[in-house]
Amino acid sequence: MTEVKKAKKKVAINLALQGGGAHGAFTWGVLDRLLETGEFEVAAISGTSAGAINGAALKSGMARGMEEGDDAARQMARDEMTWLWEQIGALPESAMSHWMAPFMPSAEMVSKMMEWSPAFLMQETAARIASPYSLGPLYENPLKRVVDKFDYTHVCHGSGPEFYVSATNVRTGKIRVFRGKEITPEVIQASACLPTVFRAVEAKDPVTLTNEFWWDGGYTGNPALFPLYAHHLPDDIVLININPLERETLPHTPQDIANRVNEISFNASLMSELRSIAFVQRLIDEGRMDRDVMKYVRVHMIADDDLMNDLSVATKSVPNPYVIAELKDAGRRAAAKFLAGDAKKVGRESSIDLSEMYGDGLGRAYSR
């Protein structure tokens with residue numbers, strides 16, 4: 001008799017996709033590698049800014065291919081993200097032969113050259129003395145031409161991973177999480193709306209049902225993790241991080257200072273949520289709280305802070321095909337490293353020690 005091998009059961013995960021402008025191409029690379037292996041089942045996606053745009057492509061492709069099976073869903077999601085980044089500025093693989101790579105400058109060098117280019121310096125100067133409203137009728141949100149092309153029948157579809165998009169209400173300063181049919185082209189634009197670059201985006205608040213103006217969701221949730229705490233979702237969150245948590249060197253130039261302030265403010269809400277997760281973990285571990293009361297969330301992170309530390313603010317705001325291709329490759333390498341190591345802890349334990357990672361004194365403050 002021929003033995004029939006049972007297919008290995010996939011571990012279900014939630015994906016948390018951070019924003020960071022064109023550096024979101026790193027997330028593209030991570031997702032491309034994870035989908036290629038098919039090792040995990042994606043149950044839910046929470047995305048902000050570039051993470052929302054990547055999430056929309058991932059969700060749309062997976063929902064569209066569900067009827068044809070898991071392999072088709074994963075491949076369609078990969079194709080959709082490739083299309084997305086070609087629209088944003090990435091070159092197809094055939095456009096740059098691999099033999100040229102050794103003769104090209106590093107992505108870090110290209111990033112620095114872009115940062116000190118006259119065109120970028122003029123753009124930075126203009127942003128300090130004028131606002132997006134100064135352009136009058138000439139203004140157009142450059143993301144509109146991309147996000148309008150998504151198939152929202154599938155972005156908002158009930159099948160496939162649940163999808164959450166965050167934006168910040170300009171009037172109240174509060175986060176709003178959009179889901180399902182609430183997600184529109186305007187909502188995706190709102191989630192990626194840096195107020196110094198884009199005009200506030202008007203969209204209907206799904207709770208109050210009134211039209212409101214929205215800014216980048218990164219100010220209040222980059223990305224929002226709390227939608228992933230729902231009991232029907234898996235306990236594991238895989239966070240794809242593209243804003244460096246630490247920088248060893250003190251920023252001196254105006255560009256570096258502004259970039260670091262942006263990174264700190266955009267990481268603040270995420271760090272707050274991670275501290276909350278660490279606090280609940282501690283209470284459950286010490287027997288002070290029952291697992292039925294609060295969910296024991298396990299956290300994993302895929303990042304490349306060394307690379308992100310070497311890149312400049314210029315490559316966040318100006319999509320460069322070569323840098324985007326390099327970021328995608330870096331994302332695939334980071335995902336491969338995760339798959340070879342920390343992925344083995346998914347479904348069993350967190351692969352990062354949150355209280356140690358953030359050095360926030362949780363052990364001292366809550367062990368009394």
# chains A, B, ... in the order shown; residues from 1 in each chain; ligands from 1
>>> select_by_dssp(residues="segment 168-282 of chain A", states="helix (DSSP H, G or I)", output="mmCIF file with N, CA, C and O atoms, in the first residue's frame")
data_model
loop_
_atom_site.group_PDB
_atom_site.id
_atom_site.type_symbol
_atom_site.label_atom_id
_atom_site.label_comp_id
_atom_site.auth_asym_id
_atom_site.auth_seq_id
_atom_site.Cartn_x
_atom_site.Cartn_y
_atom_site.Cartn_z
ATOM 1 N N GLY A 180 -13.574 46.128 5.890
ATOM 2 C CA GLY A 180 -14.592 45.668 4.945
ATOM 3 C C GLY A 180 -14.982 46.728 3.924
ATOM 4 O O GLY A 180 -14.132 47.390 3.331
ATOM 5 N N LYS A 181 -16.290 46.909 3.759
ATOM 6 C CA LYS A 181 -16.801 47.838 2.744
ATOM 7 C C LYS A 181 -16.568 49.306 3.087
ATOM 8 O O LYS A 181 -16.830 50.185 2.275
ATOM 9 N N GLU A 182 -16.073 49.567 4.296
ATOM 10 C CA GLU A 182 -15.735 50.936 4.672
ATOM 11 C C GLU A 182 -14.489 51.425 3.947
ATOM 12 O O GLU A 182 -14.240 52.625 3.870
ATOM 13 N N PRO A 185 -11.040 54.088 -2.023
ATOM 14 C CA PRO A 185 -9.797 54.746 -2.456
ATOM 15 C C PRO A 185 -9.428 55.932 -1.567
ATOM 16 O O PRO A 185 -8.244 56.159 -1.275
ATOM 17 N N GLU A 186 -10.448 56.673 -1.107
ATOM 18 C CA GLU A 186 -10.188 57.827 -0.246
ATOM 19 C C GLU A 186 -9.593 57.396 1.091
ATOM 20 O O GLU A 186 -8.723 58.080 1.647
ATOM 21 N N VAL A 187 -10.051 56.275 1.626
ATOM 22 C CA VAL A 187 -9.545 55.780 2.908
ATOM 23 C C VAL A 187 -8.076 55.372 2.783
ATOM 24 O O VAL A 187 -7.257 55.669 3.672
ATOM 25 N N ILE A 188 -7.717 54.697 1.685
ATOM 26 C CA ILE A 188 -6.317 54.318 1.470
ATOM 27 C C ILE A 188 -5.451 55.567 1.342
ATOM 28 O O ILE A 188 -4.365 55.660 1.922
ATOM 29 N N GLN A 189 -5.935 56.562 0.584
ATOM 30 C CA GLN A 189 -5.193 57.830 0.458
ATOM 31 C C GLN A 189 -5.064 58.514 1.813
ATOM 32 O O GLN A 189 -4.014 59.067 2.144
ATOM 33 N N ALA A 190 -6.140 58.500 2.610
ATOM 34 C CA ALA A 190 -6.125 59.140 3.926
ATOM 35 C C ALA A 190 -5.084 58.493 4.830
ATOM 36 O O ALA A 190 -4.353 59.175 5.558
ATOM 37 N N SER A 191 -4.995 57.169 4.793
ATOM 38 C CA SER A 191 -4.059 56.455 5.647
ATOM 39 C C SER A 191 -2.613 56.830 5.341
ATOM 40 O O SER A 191 -1.751 56.737 6.207
ATOM 41 N N GLY A 217 -2.398 57.652 9.113
ATOM 42 C CA GLY A 217 -2.706 56.830 10.273
ATOM 43 C C GLY A 217 -1.506 56.573 11.157
ATOM 44 O O GLY A 217 -1.656 56.154 12.314
ATOM 45 N N GLY A 218 -0.295 56.837 10.646
ATOM 46 C CA GLY A 218 0.908 56.587 11.428
ATOM 47 C C GLY A 218 1.007 57.412 12.693
ATOM 48 O O GLY A 218 1.695 57.022 13.644
ATOM 49 N N TYR A 219 0.302 58.548 12.749
ATOM 50 C CA TYR A 219 0.355 59.390 13.945
ATOM 51 C C TYR A 219 -0.344 58.731 15.133
ATOM 52 O O TYR A 219 -0.006 59.017 16.282
ATOM 53 N N PHE A 226 -4.565 46.757 17.875
ATOM 54 C CA PHE A 226 -5.727 46.325 18.658
ATOM 55 C C PHE A 226 -6.823 45.631 17.859
ATOM 56 O O PHE A 226 -7.525 44.781 18.411
ATOM 57 N N PRO A 227 -7.006 45.909 16.539
ATOM 58 C CA PRO A 227 -8.014 45.120 15.817
ATOM 59 C C PRO A 227 -7.650 43.632 15.751
ATOM 60 O O PRO A 227 -8.523 42.783 15.557
ATOM 61 N N LEU A 228 -6.354 43.336 15.932
ATOM 62 C CA LEU A 228 -5.888 41.950 15.831
ATOM 63 C C LEU A 228 -6.002 41.196 17.149
ATOM 64 O O LEU A 228 -5.656 40.023 17.229
ATOM 65 N N TYR A 229 -6.507 41.872 18.207
ATOM 66 C CA TYR A 229 -6.676 41.213 19.500
ATOM 67 C C TYR A 229 -7.969 40.395 19.570
ATOM 68 O O TYR A 229 -8.199 39.693 20.562
ATOM 69 N N PRO A 254 19.445 69.306 9.190
ATOM 70 C CA PRO A 254 17.994 69.512 9.304
ATOM 71 C C PRO A 254 17.186 68.322 8.806
ATOM 72 O O PRO A 254 16.173 67.952 9.400
ATOM 73 N N GLN A 255 17.663 67.709 7.700
ATOM 74 C CA GLN A 255 16.943 66.555 7.145
ATOM 75 C C GLN A 255 16.970 65.371 8.106
ATOM 76 O O GLN A 255 15.954 64.702 8.327
ATOM 77 N N ASP A 256 18.157 65.110 8.692
ATOM 78 C CA ASP A 256 18.281 63.968 9.598
ATOM 79 C C ASP A 256 17.479 64.180 10.884
ATOM 80 O O ASP A 256 16.882 63.244 11.417
ATOM 81 N N ILE A 257 17.480 65.410 11.383
ATOM 82 C CA ILE A 257 16.717 65.711 12.598
ATOM 83 C C ILE A 257 15.223 65.522 12.344
ATOM 84 O O ILE A 257 14.518 64.879 13.127
ATOM 85 N N ALA A 258 14.743 66.092 11.224
ATOM 86 C CA ALA A 258 13.313 65.959 10.893
ATOM 87 C C ALA A 258 12.936 64.506 10.679
ATOM 88 O O ALA A 258 11.859 64.058 11.102
ATOM 89 N N ASN A 259 13.838 63.750 10.050
ATOM 90 C CA ASN A 259 13.560 62.337 9.792
ATOM 91 C C ASN A 259 13.470 61.555 11.099
ATOM 92 O O ASN A 259 12.580 60.718 11.280
ATOM 93 N N ARG A 260 14.378 61.843 12.058
ATOM 94 C CA ARG A 260 14.359 61.114 13.324
ATOM 95 C C ARG A 260 13.129 61.479 14.157
ATOM 96 O O ARG A 260 12.529 60.603 14.797
ATOM 97 N N VAL A 261 12.748 62.770 14.134
ATOM 98 C CA VAL A 261 11.522 63.182 14.828
ATOM 99 C C VAL A 261 10.322 62.429 14.251
ATOM 100 O O VAL A 261 9.456 61.946 14.980
ATOM 101 N N ASN A 262 10.296 62.303 12.919
ATOM 102 C CA ASN A 262 9.216 61.581 12.253
ATOM 103 C C ASN A 262 9.202 60.117 12.670
ATOM 104 O O ASN A 262 8.142 59.547 12.966
ATOM 105 N N GLU A 263 10.369 59.491 12.724
ATOM 106 C CA GLU A 263 10.447 58.081 13.111
ATOM 107 C C GLU A 263 9.960 57.868 14.542
ATOM 108 O O GLU A 263 9.214 56.923 14.824
ATOM 109 N N ILE A 264 10.397 58.749 15.452
ATOM 110 C CA ILE A 264 10.001 58.609 16.859
ATOM 111 C C ILE A 264 8.497 58.776 17.014
ATOM 112 O O ILE A 264 7.830 57.986 17.699
ATOM 113 N N SER A 265 7.940 59.807 16.362
ATOM 114 C CA SER A 265 6.493 60.045 16.499
ATOM 115 C C SER A 265 5.683 58.926 15.852
ATOM 116 O O SER A 265 4.637 58.529 16.372
ATOM 117 N N PHE A 266 6.181 58.378 14.748
ATOM 118 C CA PHE A 266 5.444 57.316 14.066
ATOM 119 C C PHE A 266 5.613 55.961 14.749
ATOM 120 O O PHE A 266 4.845 55.049 14.492
ATOM 121 N N ASN A 267 6.627 55.835 15.609
ATOM 122 C CA ASN A 267 6.788 54.591 16.369
ATOM 123 C C ASN A 267 6.114 54.649 17.737
ATOM 124 O O ASN A 267 5.944 53.620 18.388
ATOM 125 N N ALA A 268 5.740 55.868 18.176
ATOM 126 C CA ALA A 268 5.244 56.041 19.541
ATOM 127 C C ALA A 268 3.988 55.211 19.821
ATOM 128 O O ALA A 268 3.889 54.537 20.850
ATOM 129 N N SER A 269 3.020 55.269 18.912
ATOM 130 C CA SER A 269 1.777 54.530 19.140
ATOM 131 C C SER A 269 2.023 53.023 19.120
ATOM 132 O O SER A 269 1.429 52.271 19.911
ATOM 133 N N LEU A 270 2.901 52.577 18.233
ATOM 134 C CA LEU A 270 3.235 51.151 18.162
ATOM 135 C C LEU A 270 3.886 50.697 19.466
ATOM 136 O O LEU A 270 3.521 49.650 20.026
ATOM 137 N N MET A 271 4.840 51.468 19.967
ATOM 138 C CA MET A 271 5.527 51.093 21.199
ATOM 139 C C MET A 271 4.561 51.056 22.372
ATOM 140 O O MET A 271 4.663 50.202 23.257
ATOM 141 N N SER A 272 3.601 51.971 22.370
ATOM 142 C CA SER A 272 2.597 51.986 23.436
ATOM 143 C C SER A 272 1.771 50.705 23.418
ATOM 144 O O SER A 272 1.510 50.096 24.472
ATOM 145 N N GLU A 273 1.366 50.273 22.226
ATOM 146 C CA GLU A 273 0.582 49.032 22.133
ATOM 147 C C GLU A 273 1.413 47.814 22.515
ATOM 148 O O GLU A 273 0.922 46.887 23.157
ATOM 149 N N LEU A 274 2.696 47.820 22.127
ATOM 150 C CA LEU A 274 3.554 46.688 22.469
ATOM 151 C C LEU A 274 3.796 46.623 23.975
ATOM 152 O O LEU A 274 3.886 45.539 24.550
ATOM 153 N N ARG A 275 3.905 47.783 24.616
ATOM 154 C CA ARG A 275 4.031 47.793 26.081
ATOM 155 C C ARG A 275 2.791 47.191 26.733
ATOM 156 O O ARG A 275 2.871 46.465 27.722
ATOM 157 N N SER A 276 1.622 47.531 26.172
ATOM 158 C CA SER A 276 0.375 46.982 26.715
ATOM 159 C C SER A 276 0.344 45.459 26.574
ATOM 160 O O SER A 276 -0.089 44.747 27.490
ATOM 161 N N ILE A 277 0.810 44.969 25.431
ATOM 162 C CA ILE A 277 0.866 43.521 25.217
ATOM 163 C C ILE A 277 1.803 42.884 26.235
ATOM 164 O O ILE A 277 1.487 41.853 26.851
ATOM 165 N N ALA A 278 2.976 43.516 26.436
ATOM 166 C CA ALA A 278 3.948 42.981 27.393
ATOM 167 C C ALA A 278 3.366 42.973 28.812
ATOM 168 O O ALA A 278 3.605 42.033 29.586
ATOM 169 N N PHE A 279 2.606 44.006 29.159
ATOM 170 C CA PHE A 279 1.991 44.093 30.485
ATOM 171 C C PHE A 279 0.996 42.948 30.696
ATOM 172 O O PHE A 279 1.004 42.269 31.730
ATOM 173 N N VAL A 280 0.149 42.713 29.692
ATOM 174 C CA VAL A 280 -0.837 41.625 29.792
ATOM 175 C C VAL A 280 -0.128 40.272 29.850
ATOM 176 O O VAL A 280 -0.514 39.386 30.628
ATOM 177 N N GLN A 281 0.925 40.104 29.039
ATOM 178 C CA GLN A 281 1.687 38.854 29.090
ATOM 179 C C GLN A 281 2.211 38.602 30.499
ATOM 180 O O GLN A 281 2.147 37.474 31.012
ATOM 181 N N ARG A 282 2.750 39.653 31.110
ATOM 182 C CA ARG A 282 3.314 39.519 32.448
ATOM 183 C C ARG A 282 2.232 39.115 33.465
ATOM 184 O O ARG A 282 2.440 38.228 34.303
#
>>> atom_distance(atom1="atom CA of Ala314 of chain A", atom2="atom CA of Ala25 of chain A")
14.2 Å
>>> residues_around(residues="segment 33-35 of chain A", least_positions_apart="5", cutoff="12 Å", atoms="only C-alpha atoms", output="compact mmCIF listing (two decimals) with all heavy atoms, in the first residue's frame")
# COMPACT_ATOMS: atom_id res chain seq x y z
N ILE A 13 -1.55 33.32 11.18
CA ILE A 13 -0.94 34.53 11.73
C ILE A 13 -1.74 35.76 11.33
O ILE A 13 -2.54 35.73 10.39
CB ILE A 13 0.52 34.72 11.24
CG1 ILE A 13 0.56 34.83 9.70
CG2 ILE A 13 1.43 33.61 11.73
CD1 ILE A 13 1.90 35.26 9.13
N LEU A 15 -0.95 39.79 10.21
CA LEU A 15 0.14 40.63 9.71
C LEU A 15 -0.11 42.07 10.12
O LEU A 15 -1.22 42.60 9.96
CB LEU A 15 0.24 40.55 8.19
CG LEU A 15 0.77 39.25 7.60
CD1 LEU A 15 0.62 39.27 6.07
CD2 LEU A 15 2.23 39.02 7.97
N PHE A 26 10.30 47.37 1.12
CA PHE A 26 10.88 46.32 1.97
C PHE A 26 9.78 45.34 2.39
O PHE A 26 9.97 44.11 2.35
CB PHE A 26 11.53 46.96 3.20
CG PHE A 26 12.04 45.97 4.22
CD1 PHE A 26 13.28 45.39 4.08
CD2 PHE A 26 11.27 45.63 5.33
CE1 PHE A 26 13.76 44.47 5.03
CE2 PHE A 26 11.73 44.72 6.28
CZ PHE A 26 12.97 44.15 6.12
N THR A 27 8.62 45.88 2.76
CA THR A 27 7.48 45.04 3.14
C THR A 27 7.04 44.18 1.97
O THR A 27 6.67 43.01 2.14
CB THR A 27 6.32 45.91 3.64
OG1 THR A 27 6.77 46.68 4.76
CG2 THR A 27 5.11 45.08 4.03
N TRP A 28 7.05 44.75 0.77
CA TRP A 28 6.73 43.99 -0.43
C TRP A 28 7.63 42.75 -0.52
O TRP A 28 7.15 41.63 -0.75
CB TRP A 28 6.91 44.89 -1.66
CG TRP A 28 6.89 44.21 -2.99
CD1 TRP A 28 6.18 43.10 -3.35
CD2 TRP A 28 7.60 44.61 -4.18
NE1 TRP A 28 6.40 42.78 -4.68
CE2 TRP A 28 7.28 43.69 -5.20
CE3 TRP A 28 8.48 45.66 -4.46
CZ2 TRP A 28 7.81 43.79 -6.49
CZ3 TRP A 28 9.00 45.76 -5.74
CH2 TRP A 28 8.66 44.84 -6.75
N PHE A 40 2.58 29.97 6.09
CA PHE A 40 1.60 30.50 7.02
C PHE A 40 0.27 30.78 6.34
O PHE A 40 0.21 31.06 5.14
CB PHE A 40 2.11 31.80 7.66
CG PHE A 40 3.38 31.64 8.44
CD1 PHE A 40 4.57 32.16 7.96
CD2 PHE A 40 3.38 30.96 9.64
CE1 PHE A 40 5.75 32.02 8.67
CE2 PHE A 40 4.55 30.80 10.37
CZ PHE A 40 5.74 31.33 9.88
N GLU A 41 -0.77 30.76 7.15
CA GLU A 41 -2.09 31.18 6.69
C GLU A 41 -2.33 32.59 7.25
O GLU A 41 -2.28 32.79 8.47
CB GLU A 41 -3.18 30.24 7.20
CG GLU A 41 -4.59 30.69 6.86
CD GLU A 41 -5.65 29.90 7.58
OE1 GLU A 41 -5.34 28.80 8.07
OE2 GLU A 41 -6.79 30.40 7.70
N VAL A 42 -2.57 33.54 6.37
CA VAL A 42 -2.80 34.92 6.80
C VAL A 42 -4.28 35.09 7.14
O VAL A 42 -5.14 34.99 6.27
CB VAL A 42 -2.38 35.93 5.72
CG1 VAL A 42 -2.63 37.36 6.21
CG2 VAL A 42 -0.91 35.74 5.35
N LEU A 58 -2.27 42.88 -1.21
CA LEU A 58 -2.25 41.51 -0.69
C LEU A 58 -3.66 40.95 -0.55
O LEU A 58 -3.95 39.84 -1.01
CB LEU A 58 -1.54 41.51 0.66
CG LEU A 58 -1.51 40.20 1.45
CD1 LEU A 58 -0.78 39.11 0.68
CD2 LEU A 58 -0.85 40.41 2.81
N GLY A 61 -5.46 40.40 -4.07
CA GLY A 61 -4.97 39.23 -4.80
C GLY A 61 -5.42 37.93 -4.16
O GLY A 61 -5.83 37.00 -4.85
N MET A 62 -5.36 37.86 -2.83
CA MET A 62 -5.74 36.62 -2.15
C MET A 62 -7.24 36.35 -2.29
O MET A 62 -7.65 35.22 -2.54
CB MET A 62 -5.35 36.70 -0.67
CG MET A 62 -3.86 36.71 -0.44
SD MET A 62 -3.37 36.31 1.25
CE MET A 62 -3.55 34.54 1.24
N ASP A 70 -5.41 27.68 -2.60
CA ASP A 70 -4.42 28.45 -1.85
C ASP A 70 -3.23 28.89 -2.71
O ASP A 70 -2.77 30.03 -2.62
CB ASP A 70 -3.92 27.62 -0.66
CG ASP A 70 -2.89 28.35 0.16
OD1 ASP A 70 -3.24 29.38 0.77
OD2 ASP A 70 -1.72 27.91 0.20
N ASP A 71 -2.73 27.99 -3.55
CA ASP A 71 -1.59 28.34 -4.39
C ASP A 71 -1.91 29.50 -5.32
O ASP A 71 -1.10 30.42 -5.49
CB ASP A 71 -1.14 27.13 -5.23
CG ASP A 71 -0.47 26.06 -4.37
OD1 ASP A 71 -0.13 26.36 -3.21
OD2 ASP A 71 -0.30 24.93 -4.87
N ALA A 72 -3.10 29.46 -5.91
CA ALA A 72 -3.51 30.53 -6.82
C ALA A 72 -3.68 31.84 -6.06
O ALA A 72 -3.30 32.91 -6.54
CB ALA A 72 -4.82 30.16 -7.52
N ALA A 73 -4.23 31.77 -4.85
CA ALA A 73 -4.44 32.98 -4.05
C ALA A 73 -3.11 33.63 -3.71
O ALA A 73 -2.97 34.86 -3.80
CB ALA A 73 -5.21 32.63 -2.78
N ARG A 74 -2.14 32.82 -3.32
CA ARG A 74 -0.84 33.37 -2.96
C ARG A 74 -0.14 33.98 -4.18
O ARG A 74 0.47 35.04 -4.10
CB ARG A 74 0.03 32.30 -2.31
CG ARG A 74 -0.43 31.94 -0.91
CD ARG A 74 0.53 30.99 -0.21
NE ARG A 74 0.50 29.64 -0.75
CZ ARG A 74 1.44 29.09 -1.48
NH1 ARG A 74 2.54 29.78 -1.78
NH2 ARG A 74 1.33 27.85 -1.93
N GLN A 75 -0.24 33.29 -5.34
CA GLN A 75 0.41 33.81 -6.54
C GLN A 75 -0.26 35.10 -7.02
O GLN A 75 0.43 36.04 -7.44
CB GLN A 75 0.37 32.76 -7.66
CG GLN A 75 1.14 33.17 -8.91
CD GLN A 75 2.60 33.47 -8.62
OE1 GLN A 75 3.31 32.66 -8.02
NE2 GLN A 75 3.06 34.65 -9.04
N MET A 76 -1.58 35.16 -6.94
CA MET A 76 -2.28 36.37 -7.36
C MET A 76 -1.92 37.54 -6.44
O MET A 76 -1.81 38.68 -6.89
CB MET A 76 -3.79 36.15 -7.39
CG MET A 76 -4.25 35.31 -8.56
SD MET A 76 -6.05 35.23 -8.71
CE MET A 76 -6.22 34.11 -10.11
N ALA A 77 -1.74 37.26 -5.15
CA ALA A 77 -1.33 38.32 -4.22
C ALA A 77 0.07 38.82 -4.56
O ALA A 77 0.33 40.03 -4.55
CB ALA A 77 -1.37 37.79 -2.79
N ARG A 78 0.96 37.90 -4.90
CA ARG A 78 2.32 38.31 -5.30
C ARG A 78 2.28 39.14 -6.58
O ARG A 78 2.98 40.16 -6.70
CB ARG A 78 3.20 37.07 -5.51
CG ARG A 78 3.47 36.27 -4.24
CD ARG A 78 4.30 35.04 -4.55
NE ARG A 78 5.66 35.41 -4.91
CZ ARG A 78 6.53 34.58 -5.48
NH1 ARG A 78 6.16 33.34 -5.79
NH2 ARG A 78 7.75 34.99 -5.75
N ASP A 79 1.47 38.71 -7.54
CA ASP A 79 1.35 39.45 -8.80
C ASP A 79 0.78 40.85 -8.57
O ASP A 79 1.22 41.82 -9.19
CB ASP A 79 0.45 38.69 -9.78
CG ASP A 79 1.06 37.38 -10.26
OD1 ASP A 79 2.28 37.20 -10.09
OD2 ASP A 79 0.32 36.53 -10.79
N MET A 81 1.01 42.70 -5.86
CA MET A 81 2.00 43.57 -5.24
C MET A 81 3.10 43.98 -6.22
O MET A 81 3.60 45.10 -6.17
CB MET A 81 2.60 42.89 -4.00
CG MET A 81 1.65 42.93 -2.81
SD MET A 81 2.42 42.36 -1.29
CE MET A 81 2.62 40.63 -1.67
N VAL A 238 2.67 39.01 13.31
CA VAL A 238 3.98 39.21 12.68
C VAL A 238 4.03 40.66 12.21
O VAL A 238 3.31 41.05 11.30
CB VAL A 238 4.20 38.24 11.50
CG1 VAL A 238 5.54 38.53 10.82
CG2 VAL A 238 4.16 36.79 11.98
N ILE A 240 5.85 43.72 10.47
CA ILE A 240 6.89 44.06 9.50
C ILE A 240 7.22 45.53 9.71
O ILE A 240 6.43 46.42 9.41
CB ILE A 240 6.45 43.77 8.06
CG1 ILE A 240 6.05 42.30 7.93
CG2 ILE A 240 7.57 44.11 7.08
CD1 ILE A 240 5.53 41.91 6.56
N ILE A 302 9.78 41.28 11.77
CA ILE A 302 10.72 41.17 10.64
C ILE A 302 11.15 42.58 10.30
O ILE A 302 10.32 43.44 9.98
CB ILE A 302 10.06 40.48 9.43
CG1 ILE A 302 9.53 39.10 9.81
CG2 ILE A 302 11.07 40.36 8.28
CD1 ILE A 302 8.80 38.38 8.67
N LYS A 328 13.21 45.61 -1.96
CA LYS A 328 12.48 44.35 -2.11
C LYS A 328 13.39 43.16 -1.83
O LYS A 328 13.02 42.23 -1.08
CB LYS A 328 11.91 44.23 -3.53
CG LYS A 328 11.11 42.92 -3.71
CD LYS A 328 10.87 42.57 -5.16
CE LYS A 328 10.16 41.22 -5.26
NZ LYS A 328 10.00 40.77 -6.65
N ASP A 329 14.61 43.19 -2.40
CA ASP A 329 15.56 42.09 -2.16
C ASP A 329 15.91 41.98 -0.68
O ASP A 329 16.02 40.88 -0.14
CB ASP A 329 16.82 42.31 -2.99
CG ASP A 329 16.60 42.08 -4.49
OD1 ASP A 329 15.57 41.47 -4.84
OD2 ASP A 329 17.44 42.52 -5.29
N ALA A 330 16.08 43.14 -0.03
CA ALA A 330 16.40 43.14 1.40
C ALA A 330 15.25 42.54 2.21
O ALA A 330 15.46 41.81 3.18
CB ALA A 330 16.71 44.55 1.88
N GLY A 331 14.02 42.85 1.81
CA GLY A 331 12.85 42.29 2.47
C GLY A 331 12.78 40.79 2.32
O GLY A 331 12.45 40.06 3.28
N ARG A 332 13.09 40.29 1.14
CA ARG A 332 13.09 38.84 0.92
C ARG A 332 14.16 38.17 1.78
O ARG A 332 13.94 37.10 2.34
CB ARG A 332 13.31 38.53 -0.57
CG ARG A 332 12.07 38.78 -1.42
CD ARG A 332 12.33 38.40 -2.90
NE ARG A 332 12.75 37.02 -3.03
CZ ARG A 332 11.93 35.97 -3.11
NH1 ARG A 332 10.62 36.14 -3.06
NH2 ARG A 332 12.41 34.74 -3.25
N ARG A 333 15.33 38.81 1.90
CA ARG A 333 16.40 38.23 2.74
C ARG A 333 15.98 38.22 4.21
O ARG A 333 16.23 37.25 4.93
CB ARG A 333 17.70 39.03 2.57
CG ARG A 333 18.37 38.85 1.21
CD ARG A 333 19.79 39.38 1.22
NE ARG A 333 19.84 40.81 1.50
CZ ARG A 333 19.76 41.77 0.58
NH1 ARG A 333 19.61 41.44 -0.71
NH2 ARG A 333 19.85 43.05 0.90
N ALA A 334 15.36 39.31 4.66
CA ALA A 334 14.91 39.38 6.06
C ALA A 334 13.86 38.32 6.34
O ALA A 334 13.85 37.69 7.41
CB ALA A 334 14.37 40.77 6.36
N ALA A 335 12.96 38.09 5.37
CA ALA A 335 11.93 37.06 5.54
C ALA A 335 12.55 35.67 5.57
O ALA A 335 12.14 34.81 6.36
CB ALA A 335 10.90 37.16 4.42
N ALA A 336 13.55 35.45 4.72
CA ALA A 336 14.23 34.16 4.69
C ALA A 336 14.92 33.88 6.03
O ALA A 336 14.90 32.76 6.54
CB ALA A 336 15.25 34.12 3.55
N LYS A 337 15.52 34.92 6.60
CA LYS A 337 16.17 34.79 7.91
C LYS A 337 15.14 34.45 8.99
O LYS A 337 15.37 33.60 9.85
CB LYS A 337 16.90 36.09 8.25
CG LYS A 337 17.65 36.04 9.57
CD LYS A 337 18.37 37.37 9.82
CE LYS A 337 19.10 37.34 11.17
NZ LYS A 337 19.77 38.64 11.44
N PHE A 338 13.98 35.12 8.92
CA PHE A 338 12.91 34.84 9.87
C PHE A 338 12.42 33.41 9.72
O PHE A 338 12.22 32.70 10.72
CB PHE A 338 11.76 35.82 9.62
CG PHE A 338 10.52 35.54 10.42
CD1 PHE A 338 10.44 35.87 11.76
CD2 PHE A 338 9.41 34.94 9.82
CE1 PHE A 338 9.30 35.59 12.51
CE2 PHE A 338 8.26 34.68 10.55
CZ PHE A 338 8.21 35.00 11.90
N LEU A 339 12.22 32.96 8.50
CA LEU A 339 11.72 31.60 8.24
C LEU A 339 12.69 30.54 8.75
O LEU A 339 12.28 29.47 9.20
CB LEU A 339 11.46 31.41 6.74
CG LEU A 339 10.26 32.18 6.18
CD1 LEU A 339 10.32 32.20 4.66
CD2 LEU A 339 8.95 31.56 6.67
N ALA A 340 13.99 30.86 8.68
CA ALA A 340 15.00 29.90 9.12
C ALA A 340 15.18 29.90 10.64
O ALA A 340 15.76 28.95 11.19
CB ALA A 340 16.34 30.22 8.45
N ALA A 343 10.62 31.90 12.94
CA ALA A 343 9.34 31.35 12.49
C ALA A 343 8.98 30.07 13.23
O ALA A 343 7.79 29.74 13.36
CB ALA A 343 9.38 31.08 10.98
>>> residues_around(residues="Ala57 of chain A", least_positions_apart="6", cutoff="12 Å", atoms="only C-alpha atoms", output="PyMOL selection string")
chain A and resi 27-28+31-32+45+47+50-51+63-64+73-85+87+146-152+154-156+161+163+188
>>> residues_around(residues="Asp353 of chain A", least_positions_apart="5", cutoff="10 Å", atoms="only C-alpha atoms", output="ChimeraX atom specification")
/A:278,298-300,358
